[in-house]
Amino acid sequence: MKEKMGMTMTQAAATTQRANDVDKGWAWLVLVAVYSGIFLLSTSIFMCGVIYFALLTYYGENAAKTSVIGSLNSGLLSLLGPLVSIVMDTYSCRTSMLIGAILVTSSYVASAFVQNIDLLIFIFGVLGVSTFPGTGNALVSVPFVVVLAYYFEKRKKFVIALSQAVIGLAMFVASPLTFFLLDRYALKGMFLMTAGITAQLCCIALLCRPNSRELQLQNDRKRERKKDGKITGCNSKGFVCFDCSLLLNAPFMLYLFSTTAWNFMLSVCLMHLPNFMLTKGKSDVDVTLIMTIFGICNTSGRFISAISFVTDKLDSLLIHVCCLGVSGALTISYPLYASMDGAEFAFAVVAGIFTGGSNSLMTPITLDFVGEDRISDAHGLEYFFCGLGFIAGPPVAGYMYEVTSSYHYSFMMSGAVLILGCILAVAGAYLLRRQKCRQEDNIDDATELSEQQQHLFIPGHVKRNDFKEV
């Protein structure tokens with residue numbers, strides 16, 4: 001009895017503390033810090049498209065091999081999502097972000113002194129983009145959205161979706177900034193300047209302290225997993241294992257595969273669209289313009305999708321399906337209008353808007369699939385499946401360009417992948433609807449049974465002659 005009373009008092013204290021740090025106070029400082037961090041990190045990632053062309057010129061390697069650097073940078077950022085979820089659950093989001101910021105900055109500094117492209121693939125791709133930026137990017141990026149989910153309750157989906165619009169602003173800035181740094185400081189100097197930018201992530205990480213909700217969920221998860229025997233294989237220091245039961249959620253898995261599809265297409269655009277323009281005889285100014293257009297349209301798509309959560313009248317999963325379907329159809333049919341004047345710019349507009357729309361919807365849709373209590377593990381899986389697309393896209397597109405000497409087939413292929421993703425998303429939405437209908441039917445059946453049982457024991461329905469004196 002005393003234990004129960006103690007637990008009740010602890011829960012009440014946690015609830016009171018939660019009311020003080022959710023949706024107000026320090027939450028707003030965290031919001032500014034997270035948005036700033038997303039902008040800085042995304043800018044460094046989206047610089048890879050222009051860096052790719054600079055690396056082609058500097059090292060003289062083929063397109064497929066050189067594109068591995070950029071694909072690993074963004075790909076490992078995502079593939080390591082489940083590992084980052086374990087770090088967040090075991091320690092905190094702030095710890096994960098701080099370690100990642102140090103790794104990212106170190107990888108850019110090291111890249112400035114590397115003369116071999118194979119070593120650069122490891123340092124910039126595995127660590128950063130590879131290992132340091134790649135691993136570091138993952139440790140910083142994954143916790144950003146999770147922190148917002150912990151600090152906000154009202155308009156949570158809008159705050160999270162709007163954070164993805166900040167990534168679009170980074171697309172807008174990345175290309176002209178990279179050209180400026182390359183012109184002013186050359187390739188190696190550009191790496192050092194980028195290291196200075198990513199170093200600011202350390203300060204941002206320190207501001208994202210764990211709040212009462214994060215601490216409470218960590219304790220609850222550890223307690224439940226110990227009780228259910230799910231800690232098997234974890235050491236005595238309290239490491240939390242990744243919740244693999246999410247892999248059995250069929251609707252959620254289908255949705256994740258659809259995110260792989262649009263990240264495949266997005267990575268092809270980010271890595272190969274600048275070089276595509278240059279192969280057509282366009283100037284650096286044209287490349288900057290088209291990537292700026294892509295960034296503006298991507299930002300617009302993200303912002304429009306975020307607005308949908310304000311009205312609460314639009315189905316976010318339906319918007320996701322439409323984004324994949326429309327962009328897939330227009331991409332796969334690109335050769336039909338490629339010869340028209342301004343076709344590249346039209347393609348950048350379409351690809352930017354629809355890939356941006358799906359990006360903003362990702363975490364809010366995941367909340368609908370799994371709920372808030374499992375968001376850290378689910379968000380890690382989101383990143384993992386996004387990484388599959390990011391890693392596969394640029395090398396495959398680069399190989400097709402090497403074989404055909406044309407980027408038309410590369411973009412057609414990415415359009416076909418988008419169509420497949422649209423079909424998978426439709427299947428996931430259908431299964432989700434069926435699950436919800438079954439749950440509603442079960443609730444109705446349980447309610448009806450409860451009413452019947454209560455009806456049997458209502459005194460007014462008991463007849464007097466049912467109780468006869470003996």
# chains A, B, ... in the order shown; residues from 1 in each chain; ligands from 1
call {"tool": "closest_atom_pairs", "arguments": {"of": "segment 363-411 of chain A", "to": "segment 250-259 of chain A", "cutoff": "12 Å", "atoms": "only C-alpha atoms", "output": "CSV"}}
result
residue,atom,partner,partner_atom,distance
A:Thr363,CA,A:Leu256,CA,11.0
A:Ile365,CA,A:Tyr255,CA,9.0
A:Thr366,CA,A:Phe252,CA,7.5
A:Leu367,CA,A:Phe252,CA,10.3
A:Asp368,CA,A:Phe252,CA,9.5
A:Phe369,CA,A:Phe252,CA,6.1
A:Val370,CA,A:Phe252,CA,8.0
A:Gly371,CA,A:Phe252,CA,11.6
A:Ala378,CA,A:Phe252,CA,9.2
A:His379,CA,A:Leu256,CA,10.4
A:Gly380,CA,A:Leu256,CA,11.1
A:Leu381,CA,A:Leu256,CA,7.8
A:Glu382,CA,A:Leu256,CA,6.3
A:Tyr383,CA,A:Leu256,CA,9.1
A:Phe384,CA,A:Leu256,CA,8.9
A:Phe385,CA,A:Leu256,CA,6.0
A:Cys386,CA,A:Thr259,CA,5.8
A:Gly387,CA,A:Thr259,CA,9.4
A:Leu388,CA,A:Phe257,CA,9.2
A:Gly389,CA,A:Thr259,CA,7.9
A:Phe390,CA,A:Thr259,CA,10.3
call {"tool": "residues_around", "arguments": {"residues": "Cys202 of chain A", "least_positions_apart": "2", "cutoff": "6 Å", "atoms": "only C-alpha atoms", "output": "list in words"}}
result
Leu98, Ala101, Ala199, Gln200, Ile204 and Ala205 of chain A
call {"tool": "closest_residue", "arguments": {"among": "A:Val32, A:Asn263, A:Cys422, A:Asn219", "to": "Ile391 of chain A", "atoms": "only C-alpha atoms"}}
result
A:Asn263
call {"tool": "closest_residue", "arguments": {"among": "A:Leu162, A:Leu248, A:Met47, A:Leu55", "to": "Ser308 of chain A", "atoms": "only C-alpha atoms"}}
result
A:Leu162
call {"tool": "select_by_dssp", "arguments": {"residues": "segment 99-275 of chain A", "states": "helix (DSSP H, G or I)", "output": "number ranges by chain"}}
result
A: 99-111, 117-151, 156-198, 200-207, 212-228, 244-248, 250-275
call {"tool": "residues_around", "arguments": {"residues": "segment 332-344 of chain A", "least_positions_apart": "3", "cutoff": "10 Å", "atoms": "only C-alpha atoms", "output": "PyMOL selection string"}}
result
chain A and resi 273+276-277+290+327-329+347-349+407-419
call {"tool": "write_last_selection", "arguments": {"atoms": "N, CA and C atoms", "output": "short mmCIF file (atom, residue, chain, number, x, y, z; two decimals), in the first residue's frame"}}
result
data_model
loop_
_atom_site.label_atom_id
_atom_site.label_comp_id
_atom_site.auth_asym_id
_atom_site.auth_seq_id
_atom_site.Cartn_x
_atom_site.Cartn_y
_atom_site.Cartn_z
N LEU A 273 21.60 16.37 -59.91
CA LEU A 273 21.00 17.48 -60.65
C LEU A 273 22.02 18.57 -60.99
N PHE A 276 24.08 17.19 -63.81
CA PHE A 276 23.22 17.08 -64.99
C PHE A 276 23.17 18.40 -65.74
N MET A 277 23.04 19.49 -64.99
CA MET A 277 23.03 20.81 -65.60
C MET A 277 24.36 21.13 -66.27
N ILE A 290 19.12 26.66 -60.39
CA ILE A 290 18.20 25.51 -60.37
C ILE A 290 18.15 24.87 -59.00
N SER A 327 4.62 13.01 -58.28
CA SER A 327 6.03 13.22 -58.61
C SER A 327 6.61 12.04 -59.36
N GLY A 328 6.16 10.82 -59.05
CA GLY A 328 6.64 9.65 -59.77
C GLY A 328 6.23 9.68 -61.23
N ALA A 329 4.97 10.04 -61.49
CA ALA A 329 4.48 10.09 -62.87
C ALA A 329 5.21 11.16 -63.69
N PHE A 347 11.26 20.51 -63.92
CA PHE A 347 11.48 19.28 -63.16
C PHE A 347 11.91 19.61 -61.73
N ALA A 348 12.77 20.62 -61.57
CA ALA A 348 13.23 21.01 -60.23
C ALA A 348 12.06 21.49 -59.38
N VAL A 349 11.12 22.21 -60.01
CA VAL A 349 9.94 22.70 -59.28
C VAL A 349 9.09 21.53 -58.78
N TYR A 407 21.52 11.35 -68.38
CA TYR A 407 20.83 11.35 -67.10
C TYR A 407 19.33 11.09 -67.24
N HIS A 408 18.83 11.06 -68.46
CA HIS A 408 17.40 10.83 -68.67
C HIS A 408 16.97 9.50 -68.07
N TYR A 409 17.76 8.45 -68.30
CA TYR A 409 17.40 7.14 -67.79
C TYR A 409 17.51 7.06 -66.27
N SER A 410 18.45 7.82 -65.74
CA SER A 410 18.60 7.86 -64.28
C SER A 410 17.35 8.43 -63.62
N PHE A 411 16.81 9.52 -64.19
CA PHE A 411 15.61 10.13 -63.62
C PHE A 411 14.36 9.29 -63.89
N MET A 412 14.31 8.62 -65.04
CA MET A 412 13.19 7.71 -65.31
C MET A 412 13.16 6.58 -64.29
N MET A 413 14.33 6.04 -63.99
CA MET A 413 14.43 4.97 -63.01
C MET A 413 13.96 5.43 -61.64
N SER A 414 14.36 6.64 -61.24
CA SER A 414 13.93 7.15 -59.94
C SER A 414 12.43 7.39 -59.91
N GLY A 415 11.85 7.76 -61.05
CA GLY A 415 10.39 7.92 -61.13
C GLY A 415 9.67 6.60 -60.94
N ALA A 416 10.22 5.52 -61.52
CA ALA A 416 9.62 4.19 -61.35
C ALA A 416 9.66 3.76 -59.89
N VAL A 417 10.75 4.07 -59.20
CA VAL A 417 10.86 3.75 -57.78
C VAL A 417 9.81 4.51 -56.97
N LEU A 418 9.55 5.77 -57.35
CA LEU A 418 8.51 6.55 -56.67
C LEU A 418 7.13 5.95 -56.84
N ILE A 419 6.83 5.48 -58.05
CA ILE A 419 5.54 4.83 -58.29
C ILE A 419 5.38 3.61 -57.39
#
call {"tool": "closest_residue", "arguments": {"among": "A:Val285, A:Val87, A:Arg433, A:Gln218", "to": "Leu317 of chain A", "atoms": "only C-alpha atoms"}}
result
A:Arg433
call {"tool": "residues_around", "arguments": {"residues": "Tyr150 of chain A", "least_positions_apart": "5", "cutoff": "12 Å", "atoms": "only C-alpha atoms", "output": "short mmCIF file (atom, residue, chain, number, x, y, z; two decimals) with C-alpha atoms, in the first residue's frame"}}
result
data_model
loop_
_atom_site.label_atom_id
_atom_site.label_comp_id
_atom_site.auth_asym_id
_atom_site.auth_seq_id
_atom_site.Cartn_x
_atom_site.Cartn_y
_atom_site.Cartn_z
CA ARG A 18 5.85 18.26 -16.87
CA ALA A 19 3.31 21.06 -16.86
CA ASP A 21 8.46 22.51 -19.04
CA VAL A 22 6.06 21.50 -21.82
CA ASP A 23 4.68 24.08 -24.27
CA TRP A 26 12.49 26.43 -21.70
CA ALA A 27 10.52 24.68 -24.47
CA VAL A 30 14.71 24.42 -27.25
CA LEU A 31 12.51 25.15 -30.27
CA SER A 92 19.54 11.26 -23.52
CA CYS A 93 18.89 13.17 -26.72
CA PRO A 143 17.24 13.46 -31.77
CA PHE A 144 16.12 16.84 -33.13
CA VAL A 145 12.53 15.82 -33.83
CA LYS A 156 2.95 19.00 -31.66
CA LYS A 157 2.53 17.75 -35.22
CA VAL A 159 5.83 22.13 -34.70
CA ILE A 160 7.48 18.94 -35.95
CA CYS A 208 18.46 20.59 -25.35
CA ARG A 209 18.48 19.31 -21.78
CA PRO A 210 16.21 16.33 -20.93
CA ASN A 211 12.82 17.45 -19.66
CA SER A 212 10.48 15.63 -17.28
CA ARG A 213 8.69 13.80 -20.07
CA GLU A 214 11.89 12.38 -21.57
CA LEU A 215 13.19 11.29 -18.16
CA GLN A 216 9.86 9.70 -17.25
CA LEU A 217 9.61 7.78 -20.52
CA GLN A 218 13.17 6.51 -20.15
CA GLU A 372 4.28 8.95 -28.62
CA ASP A 373 5.67 6.33 -26.20
CA ARG A 374 7.52 4.51 -29.01
CA ILE A 375 8.47 7.55 -31.07
CA SER A 376 12.23 7.37 -30.41
#
call {"tool": "closest_residue", "arguments": {"among": "A:Ile319, A:Leu187, A:Leu148, A:Met291", "to": "Ser305 of chain A", "atoms": "only C-alpha atoms"}}
result
A:Ile319
